[in-house]
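Peer 1: So I've got this file, work.txt, and it contains compact mmCIF, N, CA and C atoms and all ligand atoms:
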```
# COMPACT_ATOMS: atom_id res chain seq x y z
N MET A 1 9.43 4.59 4.46
CA MET A 1 10.39 3.48 4.34
C MET A 1 11.64 3.95 3.59
N LYS A 2 12.75 3.59 4.10
CA LYS A 2 14.02 4.03 3.53
C LYS A 2 14.34 3.20 2.29
N GLU A 3 14.64 3.89 1.20
CA GLU A 3 15.07 3.17 0.01
C GLU A 3 16.57 3.35 -0.13
N ASP A 4 17.24 2.32 -0.58
CA ASP A 4 18.66 2.48 -0.84
C ASP A 4 19.04 1.64 -2.04
N LYS A 5 20.32 1.47 -2.22
CA LYS A 5 20.82 0.77 -3.39
C LYS A 5 20.26 -0.64 -3.52
N PHE A 6 19.95 -1.25 -2.39
CA PHE A 6 19.57 -2.65 -2.43
C PHE A 6 18.12 -2.91 -2.03
N CYS A 7 17.40 -1.84 -1.84
CA CYS A 7 16.03 -2.01 -1.41
C CYS A 7 15.17 -0.89 -1.96
N LYS A 8 14.07 -1.24 -2.60
CA LYS A 8 13.10 -0.21 -2.96
C LYS A 8 11.70 -0.79 -2.83
N VAL A 9 10.72 0.03 -3.15
CA VAL A 9 9.35 -0.37 -2.89
C VAL A 9 8.61 -0.53 -4.21
N CYS A 10 7.87 -1.61 -4.33
CA CYS A 10 7.09 -1.86 -5.55
C CYS A 10 6.05 -0.74 -5.72
N GLY A 11 6.00 -0.19 -6.94
CA GLY A 11 5.11 0.92 -7.22
C GLY A 11 3.65 0.54 -7.25
N LEU A 12 3.35 -0.76 -7.23
CA LEU A 12 1.95 -1.18 -7.21
C LEU A 12 1.55 -1.75 -5.84
N CYS A 13 2.17 -2.84 -5.46
CA CYS A 13 1.71 -3.49 -4.22
C CYS A 13 2.33 -2.85 -2.97
N GLY A 14 3.36 -2.02 -3.17
CA GLY A 14 3.93 -1.30 -2.04
C GLY A 14 4.78 -2.16 -1.11
N ARG A 15 5.11 -3.37 -1.57
CA ARG A 15 5.98 -4.22 -0.75
C ARG A 15 7.44 -3.94 -1.07
N ARG A 16 8.30 -4.24 -0.08
CA ARG A 16 9.73 -4.06 -0.28
C ARG A 16 10.24 -4.99 -1.37
N MET A 17 11.13 -4.48 -2.18
CA MET A 17 11.81 -5.31 -3.17
C MET A 17 13.28 -5.30 -2.83
N GLU A 18 13.85 -6.49 -2.68
CA GLU A 18 15.28 -6.58 -2.40
C GLU A 18 16.01 -6.77 -3.72
N TRP A 19 17.15 -6.19 -3.81
CA TRP A 19 17.98 -6.37 -4.99
C TRP A 19 18.23 -7.86 -5.23
N ARG A 20 18.16 -8.28 -6.47
CA ARG A 20 18.54 -9.66 -6.76
C ARG A 20 19.34 -9.70 -8.05
N LYS A 21 20.05 -10.77 -8.21
CA LYS A 21 21.00 -10.88 -9.31
C LYS A 21 20.33 -10.67 -10.67
N ALA A 22 19.13 -11.22 -10.82
CA ALA A 22 18.44 -11.13 -12.10
C ALA A 22 18.19 -9.68 -12.50
N TRP A 23 18.20 -8.81 -11.53
CA TRP A 23 17.94 -7.39 -11.81
C TRP A 23 19.22 -6.57 -11.90
N ALA A 24 20.35 -7.26 -11.90
CA ALA A 24 21.63 -6.55 -11.82
C ALA A 24 21.75 -5.46 -12.89
N ASP A 25 21.30 -5.78 -14.11
CA ASP A 25 21.49 -4.83 -15.20
C ASP A 25 20.39 -3.79 -15.33
N CYS A 26 19.30 -4.00 -14.63
CA CYS A 26 18.18 -3.08 -14.84
C CYS A 26 17.57 -2.58 -13.53
N TRP A 27 18.28 -2.79 -12.45
CA TRP A 27 17.75 -2.43 -11.12
C TRP A 27 17.21 -1.01 -11.08
N GLU A 28 17.92 -0.09 -11.72
CA GLU A 28 17.50 1.32 -11.73
C GLU A 28 16.09 1.46 -12.28
N LYS A 29 15.76 0.61 -13.25
CA LYS A 29 14.48 0.75 -13.95
C LYS A 29 13.38 -0.12 -13.36
N VAL A 30 13.74 -1.08 -12.55
CA VAL A 30 12.72 -1.97 -11.99
C VAL A 30 11.79 -1.18 -11.10
N ALA A 31 10.49 -1.22 -11.42
CA ALA A 31 9.54 -0.44 -10.63
C ALA A 31 8.51 -1.33 -9.93
N LEU A 32 8.29 -2.51 -10.52
CA LEU A 32 7.27 -3.41 -9.95
C LEU A 32 7.93 -4.73 -9.59
N CYS A 33 7.43 -5.37 -8.54
CA CYS A 33 8.18 -6.46 -7.92
C CYS A 33 8.03 -7.81 -8.58
N SER A 34 6.93 -8.03 -9.27
CA SER A 34 6.65 -9.41 -9.70
C SER A 34 5.91 -9.44 -11.02
N VAL A 35 5.82 -10.63 -11.58
CA VAL A 35 5.05 -10.81 -12.81
C VAL A 35 3.60 -10.38 -12.57
N GLY A 36 3.09 -10.77 -11.40
CA GLY A 36 1.71 -10.41 -11.06
C GLY A 36 1.49 -8.91 -11.08
N CYS A 37 2.42 -8.18 -10.45
CA CYS A 37 2.28 -6.73 -10.39
C CYS A 37 2.45 -6.11 -11.77
N ARG A 38 3.40 -6.65 -12.54
CA ARG A 38 3.61 -6.09 -13.89
C ARG A 38 2.41 -6.34 -14.78
N LYS A 39 1.82 -7.53 -14.67
CA LYS A 39 0.65 -7.88 -15.47
C LYS A 39 -0.53 -6.97 -15.14
N ARG A 40 -0.72 -6.74 -13.87
CA ARG A 40 -1.86 -5.93 -13.47
C ARG A 40 -1.63 -4.47 -13.78
N GLY A 41 -0.44 -3.99 -13.45
CA GLY A 41 -0.09 -2.60 -13.70
C GLY A 41 -0.82 -1.63 -12.79
N LEU A 42 -0.27 -0.43 -12.74
CA LEU A 42 -0.85 0.61 -11.89
C LEU A 42 -1.96 1.29 -12.71
N ARG A 43 -3.16 1.29 -12.17
CA ARG A 43 -4.30 1.84 -12.90
C ARG A 43 -4.75 3.16 -12.29
N ARG A 44 -5.59 3.87 -13.04
CA ARG A 44 -6.11 5.13 -12.52
C ARG A 44 -6.84 4.89 -11.20
N GLU A 45 -7.58 3.77 -11.17
CA GLU A 45 -8.28 3.34 -9.96
C GLU A 45 -7.35 3.33 -8.74
N ASP A 46 -6.10 2.92 -8.95
CA ASP A 46 -5.17 2.83 -7.82
C ASP A 46 -4.82 4.21 -7.28
N HIS A 47 -4.63 5.17 -8.18
CA HIS A 47 -4.36 6.53 -7.73
C HIS A 47 -5.56 7.10 -6.99
N GLU A 48 -6.75 6.79 -7.51
CA GLU A 48 -7.98 7.28 -6.86
C GLU A 48 -8.11 6.70 -5.46
N LEU A 49 -7.78 5.41 -5.33
CA LEU A 49 -7.87 4.78 -4.01
C LEU A 49 -6.91 5.42 -3.02
N GLU A 50 -5.71 5.71 -3.50
CA GLU A 50 -4.72 6.36 -2.64
C GLU A 50 -5.27 7.69 -2.14
N GLU A 51 -5.83 8.46 -3.05
CA GLU A 51 -6.36 9.76 -2.65
C GLU A 51 -7.55 9.62 -1.71
N ALA A 52 -8.42 8.69 -2.04
CA ALA A 52 -9.60 8.48 -1.19
C ALA A 52 -9.18 8.04 0.21
N LEU A 53 -8.15 7.23 0.26
CA LEU A 53 -7.65 6.75 1.55
C LEU A 53 -7.07 7.92 2.36
N LEU A 54 -6.29 8.75 1.69
CA LEU A 54 -5.73 9.93 2.37
C LEU A 54 -6.84 10.83 2.90
N ASN A 55 -7.86 11.04 2.06
CA ASN A 55 -9.00 11.87 2.49
C ASN A 55 -9.67 11.32 3.73
N LEU A 56 -9.91 10.02 3.69
CA LEU A 56 -10.60 9.37 4.80
C LEU A 56 -9.75 9.47 6.08
N LEU A 57 -8.45 9.29 5.93
CA LEU A 57 -7.55 9.38 7.09
C LEU A 57 -7.54 10.80 7.66
N GLN A 58 -7.56 11.77 6.74
CA GLN A 58 -7.57 13.15 7.19
C GLN A 58 -8.85 13.48 7.94
N LYS A 59 -9.98 13.01 7.39
CA LYS A 59 -11.27 13.25 8.04
C LYS A 59 -11.32 12.60 9.41
N ARG A 60 -10.75 11.42 9.51
CA ARG A 60 -10.77 10.68 10.76
C ARG A 60 -9.94 11.38 11.83
N GLY A 61 -8.87 12.02 11.40
CA GLY A 61 -8.05 12.77 12.34
C GLY A 61 -6.84 12.00 12.81
N PRO A 62 -5.87 12.72 13.39
CA PRO A 62 -4.62 12.09 13.82
C PRO A 62 -4.88 11.05 14.91
N ALA A 63 -4.06 10.02 14.91
CA ALA A 63 -4.09 8.97 15.92
C ALA A 63 -5.30 8.05 15.79
N LYS A 64 -6.21 8.36 14.83
CA LYS A 64 -7.36 7.47 14.62
C LYS A 64 -7.05 6.52 13.46
N THR A 65 -7.64 5.36 13.52
CA THR A 65 -7.38 4.39 12.46
C THR A 65 -8.64 4.07 11.68
N ILE A 66 -8.44 3.56 10.48
CA ILE A 66 -9.57 3.07 9.70
C ILE A 66 -9.32 1.64 9.26
N CYS A 67 -10.39 0.93 9.01
CA CYS A 67 -10.30 -0.42 8.47
C CYS A 67 -10.39 -0.31 6.96
N PRO A 68 -9.57 -1.07 6.22
CA PRO A 68 -9.64 -0.99 4.76
C PRO A 68 -11.05 -1.22 4.22
N SER A 69 -11.84 -2.00 4.94
CA SER A 69 -13.19 -2.29 4.45
C SER A 69 -14.08 -1.04 4.43
N GLU A 70 -13.77 -0.06 5.30
CA GLU A 70 -14.56 1.18 5.28
C GLU A 70 -14.43 1.87 3.93
N LEU A 71 -13.19 1.95 3.46
CA LEU A 71 -12.97 2.58 2.16
C LEU A 71 -13.55 1.71 1.05
N ALA A 72 -13.40 0.40 1.18
CA ALA A 72 -13.92 -0.51 0.16
C ALA A 72 -15.42 -0.34 0.00
N ARG A 73 -16.12 -0.26 1.12
CA ARG A 73 -17.58 -0.11 1.08
C ARG A 73 -17.96 1.24 0.47
N GLN A 74 -17.21 2.26 0.89
CA GLN A 74 -17.51 3.61 0.42
C GLN A 74 -17.25 3.73 -1.08
N HIS A 75 -16.20 3.08 -1.55
CA HIS A 75 -15.76 3.26 -2.92
C HIS A 75 -16.45 2.30 -3.89
N TYR A 76 -16.75 1.10 -3.43
CA TYR A 76 -17.23 0.06 -4.34
C TYR A 76 -18.62 -0.47 -4.03
N GLY A 77 -19.21 -0.05 -2.94
CA GLY A 77 -20.54 -0.55 -2.61
C GLY A 77 -20.58 -2.06 -2.48
N GLU A 78 -21.54 -2.66 -3.18
CA GLU A 78 -21.79 -4.11 -3.06
C GLU A 78 -20.57 -5.01 -3.31
N GLU A 79 -19.71 -4.59 -4.22
CA GLU A 79 -18.58 -5.45 -4.58
C GLU A 79 -17.39 -5.31 -3.64
N TRP A 80 -17.58 -4.67 -2.53
CA TRP A 80 -16.42 -4.27 -1.73
C TRP A 80 -15.49 -5.40 -1.34
N ARG A 81 -16.05 -6.60 -1.12
CA ARG A 81 -15.21 -7.70 -0.62
C ARG A 81 -14.09 -8.06 -1.59
N SER A 82 -14.35 -7.97 -2.87
CA SER A 82 -13.34 -8.36 -3.86
C SER A 82 -12.32 -7.24 -4.07
N LYS A 83 -12.53 -6.12 -3.43
CA LYS A 83 -11.66 -4.96 -3.67
C LYS A 83 -10.75 -4.63 -2.50
N MET A 84 -10.64 -5.56 -1.58
CA MET A 84 -9.81 -5.29 -0.41
C MET A 84 -8.33 -5.21 -0.76
N GLU A 85 -7.89 -6.06 -1.68
CA GLU A 85 -6.45 -6.09 -1.98
C GLU A 85 -5.97 -4.78 -2.61
N PRO A 86 -6.68 -4.22 -3.60
CA PRO A 86 -6.24 -2.92 -4.13
C PRO A 86 -6.13 -1.85 -3.05
N ILE A 87 -6.98 -1.95 -2.06
CA ILE A 87 -6.93 -0.96 -0.98
C ILE A 87 -5.73 -1.22 -0.06
N ARG A 88 -5.46 -2.49 0.20
CA ARG A 88 -4.26 -2.79 1.00
C ARG A 88 -3.00 -2.35 0.26
N MET A 89 -3.01 -2.52 -1.08
CA MET A 89 -1.85 -2.08 -1.86
C MET A 89 -1.70 -0.56 -1.77
N ALA A 90 -2.83 0.14 -1.88
CA ALA A 90 -2.78 1.61 -1.78
C ALA A 90 -2.26 2.02 -0.40
N ALA A 91 -2.68 1.30 0.63
CA ALA A 91 -2.24 1.62 1.98
C ALA A 91 -0.72 1.42 2.10
N ARG A 92 -0.22 0.33 1.50
CA ARG A 92 1.23 0.08 1.57
C ARG A 92 2.00 1.16 0.82
N ARG A 93 1.45 1.62 -0.32
CA ARG A 93 2.13 2.71 -1.05
C ARG A 93 2.19 3.96 -0.19
N LEU A 94 1.11 4.21 0.54
CA LEU A 94 1.11 5.39 1.42
C LEU A 94 2.13 5.24 2.55
N VAL A 95 2.27 4.03 3.04
CA VAL A 95 3.29 3.78 4.06
C VAL A 95 4.68 4.09 3.48
N ALA A 96 4.92 3.60 2.26
CA ALA A 96 6.21 3.82 1.62
C ALA A 96 6.49 5.31 1.42
N LYS A 97 5.43 6.07 1.19
CA LYS A 97 5.58 7.52 0.98
C LYS A 97 5.65 8.29 2.30
N GLY A 98 5.45 7.57 3.40
CA GLY A 98 5.52 8.23 4.69
C GLY A 98 4.22 8.88 5.12
N ASN A 99 3.12 8.55 4.44
CA ASN A 99 1.84 9.18 4.76
C ASN A 99 0.93 8.36 5.67
N ALA A 100 1.29 7.12 5.90
CA ALA A 100 0.41 6.27 6.69
C ALA A 100 1.21 5.20 7.42
N GLU A 101 0.55 4.58 8.39
CA GLU A 101 1.12 3.44 9.09
C GLU A 101 0.10 2.33 9.09
N ILE A 102 0.58 1.10 9.13
CA ILE A 102 -0.32 -0.04 9.20
C ILE A 102 -0.19 -0.66 10.58
N LEU A 103 -1.34 -0.92 11.18
CA LEU A 103 -1.34 -1.44 12.55
C LEU A 103 -2.09 -2.76 12.64
N GLN A 104 -1.61 -3.59 13.55
CA GLN A 104 -2.33 -4.78 13.95
C GLN A 104 -2.29 -4.82 15.47
N LYS A 105 -3.41 -5.07 16.08
CA LYS A 105 -3.51 -5.06 17.55
C LYS A 105 -2.87 -3.81 18.15
N ASN A 106 -3.17 -2.66 17.52
CA ASN A 106 -2.68 -1.37 18.02
C ASN A 106 -1.18 -1.16 17.93
N GLN A 107 -0.48 -2.04 17.25
CA GLN A 107 0.96 -1.87 17.09
C GLN A 107 1.26 -1.62 15.62
N VAL A 108 2.21 -0.72 15.36
CA VAL A 108 2.64 -0.51 13.99
C VAL A 108 3.40 -1.76 13.53
N VAL A 109 3.03 -2.27 12.36
CA VAL A 109 3.68 -3.47 11.84
C VAL A 109 4.34 -3.18 10.50
N ASP A 110 5.15 -4.11 10.05
CA ASP A 110 5.80 -4.00 8.76
C ASP A 110 4.76 -4.19 7.66
N ALA A 111 4.54 -3.14 6.88
CA ALA A 111 3.50 -3.19 5.85
C ALA A 111 3.78 -4.27 4.81
N SER A 112 5.04 -4.54 4.56
CA SER A 112 5.41 -5.51 3.53
C SER A 112 5.01 -6.93 3.89
N THR A 113 5.01 -7.23 5.17
CA THR A 113 4.84 -8.63 5.56
C THR A 113 3.58 -8.89 6.38
N ALA A 114 2.87 -7.83 6.75
CA ALA A 114 1.68 -8.02 7.60
C ALA A 114 0.65 -8.90 6.91
N LYS A 115 0.19 -9.91 7.63
CA LYS A 115 -0.88 -10.78 7.12
C LYS A 115 -2.10 -10.62 8.01
N GLY A 116 -3.26 -10.85 7.44
CA GLY A 116 -4.48 -10.77 8.25
C GLY A 116 -5.00 -9.34 8.34
N PRO A 117 -6.02 -9.16 9.18
CA PRO A 117 -6.69 -7.86 9.24
C PRO A 117 -5.73 -6.74 9.68
N ILE A 118 -5.86 -5.63 9.04
CA ILE A 118 -5.02 -4.48 9.38
C ILE A 118 -5.90 -3.26 9.62
N ARG A 119 -5.35 -2.28 10.28
CA ARG A 119 -5.95 -0.96 10.35
C ARG A 119 -4.92 0.04 9.84
N ILE A 120 -5.43 1.16 9.33
CA ILE A 120 -4.55 2.14 8.72
C ILE A 120 -4.64 3.44 9.50
N ARG A 121 -3.50 4.06 9.75
CA ARG A 121 -3.49 5.32 10.48
C ARG A 121 -2.69 6.34 9.66
N GLY A 122 -3.19 7.54 9.61
CA GLY A 122 -2.49 8.60 8.92
C GLY A 122 -1.25 9.02 9.68
N LYS A 123 -0.26 9.49 8.96
CA LYS A 123 0.98 9.90 9.60
C LYS A 123 1.26 11.33 9.15
N VAL A 124 1.51 12.20 10.13
CA VAL A 124 1.78 13.59 9.74
C VAL A 124 3.26 13.92 9.88
ZN ZN B 201 4.51 -5.58 -6.28
```
The structure given in the file should be rewritten as structure tokens.
Peer 2:
Amino acid sequence: MKEDKFCKVCGLCGRRMEWRKAWADCWEKVALCSVGCRKRGLRREDHELEEALLNLLQKRGPAKTICPSELARQHYGEEWRSKMEPIRMAARRLVAKGNAEILQKNQVVDASTAKGPIRIRGKV
């Protein structure tokens, strides 16, 4: 995803952040998009998920996709259902870094706005 003066990507949830007036004086330093993201913060767990996701994508091979629940089950076992959002956030961060794409119905979609079930594909 292209970043410019008026658009960057939240370091936690991986969604696009548009420049807004309230950030006029600190835009350079703004790294997270919302109170929610700032409260939660980026945890070691999040970096691990990103790496685990990359590994899984690599193992799966090019042009193949994975469901976020596969990683959730692998990483969290029984509690996997409550851990889907951290994995979707990790997937969006990978999209922002150019390492992955998010698909719905076999089409690449906008990671920032996609709602509902997604699949993740590695990007080389
Ligand atoms: Zn965010």
Peer 1: What are the closest atom pairs, with distances in Å to one decimal, for each residue of region 80-116 of chain A lying within 7 Å of region 16-31 of chain A, using only N, CA and C atoms, rows by chain and rising residue number, as CSV?
Peer 2:
```
residue,atom,partner,partner_atom,distance
A:Ala111,C,A:Arg16,N,6.7
A:Ser112,CA,A:Arg16,N,4.8
A:Thr113,N,A:Arg16,N,6.9
```
Peer 1: Selected residues, N, CA and C atoms, written as a JSON list (two decimals), in the frame of the given file, please.
Peer 2:
```
[["chain", "number", "residue", "atom", "x", "y", "z"],
["A", 111, "ALA", "N", 4.54, -3.14, 6.88],
["A", 111, "ALA", "CA", 3.50, -3.19, 5.85],
["A", 111, "ALA", "C", 3.78, -4.27, 4.81],
["A", 112, "SER", "N", 5.04, -4.54, 4.56],
["A", 112, "SER", "CA", 5.41, -5.51, 3.53],
["A", 112, "SER", "C", 5.01, -6.93, 3.89],
["A", 113, "THR", "N", 5.01, -7.23, 5.17],
["A", 113, "THR", "CA", 4.84, -8.63, 5.56],
["A", 113, "THR", "C", 3.58, -8.89, 6.38]]
```
Peer 1: Ligand ZN 201 (chain B): which residues are within 7 Å, counting all atoms listed in the file? Reply as a list of chain:residue names.
Peer 2: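 Going residue by residue within 7 Å of ligand ZN 201 (chain B), we get A:Val9, A:Cys10, A:Gly11, A:Leu12, A:Cys13, A:Gly14, A:Arg15, A:Ala31, A:Leu32, A:Cys33, A:Ser34, A:Gly36, A:Cys37, A:Arg38.
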Peer 1: Check the smallest atom-to-atom distance from each of A:Val95, A:Tyr76, A:Ala90, A:Gln107 to His47 (chain A) using only N, CA and C atoms, then report the winner.
Peer 2: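 The closest residue to His47 (chain A) is A:Ala90.
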Peer 1: Please, which residues of chain A, numbered as in this document, come out strand (DSSP E) from DSSP, as a list in words?
Peer 2: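 DSSP on the backbone gives strand (DSSP E) at Cys7, Lys8, Val9, Arg16, Met17, Glu18, Thr65, Ile66, Ala100, Glu101, Ile102, Leu103, Gln104, Gln107, Val108, Arg119, Ile120, Arg121 and Gly122 of chain A.
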Peer 1: CA of Thr65 (chain A) to CA of Leu42 (chain A): how many Å, to one decimal?
Peer 2: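 We find that CA of Thr65 (chain A) and CA of Leu42 (chain A) lie 25.5 Å from each other.
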Peer 1: Run DSSP on the backbone and give me the residues of chain A it puts in alpha helix (DSSP H), as an MDAnalysis selection string.
Peer 2: chainID A and resid 35:40 44:60 68:76 84:96
Peer 1: If I take CA of Gly61 (chain A) and atom C of Gly98 (chain A), how far is one from the other in Å, to one decimal?
Peer 2: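 Atom C of Gly98 (chain A) lies 14.8 Å from CA of Gly61 (chain A).
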Peer 1: How many Å lie between CA of Glu50 (chain A) and CA of Leu71 (chain A), rounded to one decimal?
Peer 2: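 Taking CA of Glu50 (chain A) and CA of Leu71 (chain A), their separation equals 10.3 Å.
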Peer 1: For each of A:Met84, A:Ile66, A:Ala72, A:Ala100, take the minimum atom-to-atom distance to Lys123 (chain A), counting only N, CA and C atoms, then give the residue where this is smallest.
Peer 2: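 Among the listed residues, the smallest separation from Lys123 (chain A) belongs to A:Ala100.
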Peer 1: Just want the 10 Å neighbourhood of Pro117 (chain A), counted on only C-alpha atoms, with same-chain residues fewer than 6 positions away dropped. Output as a list in words.
Peer 2: Cys67, Pro68, Ser69, Arg88, Leu103, Gln104 and Lys105 of chain A
Peer 1: If I wrap all listed atoms of region 32-36 of chain A in a box with edges along x, y and z and add 8 Å on each side, what are its centre and edge lengths in Å to one decimal, as AutoDock Vina command-line options?
Peer 2:
```
--center_x 4.9 --center_y -6.7 --center_z -10.4 --size_x 22.8 --size_y 24.3 --size_z 20.9
```
Peer 1: Would you please work out which residue, of A:Val108, A:Leu54, A:Ile102, A:Met89, is nearest to Arg121 (chain A) when using all atoms listed in the file?
Peer 2: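 Looking at the shortest contact to Arg121 (chain A), the residue is A:Ile102.
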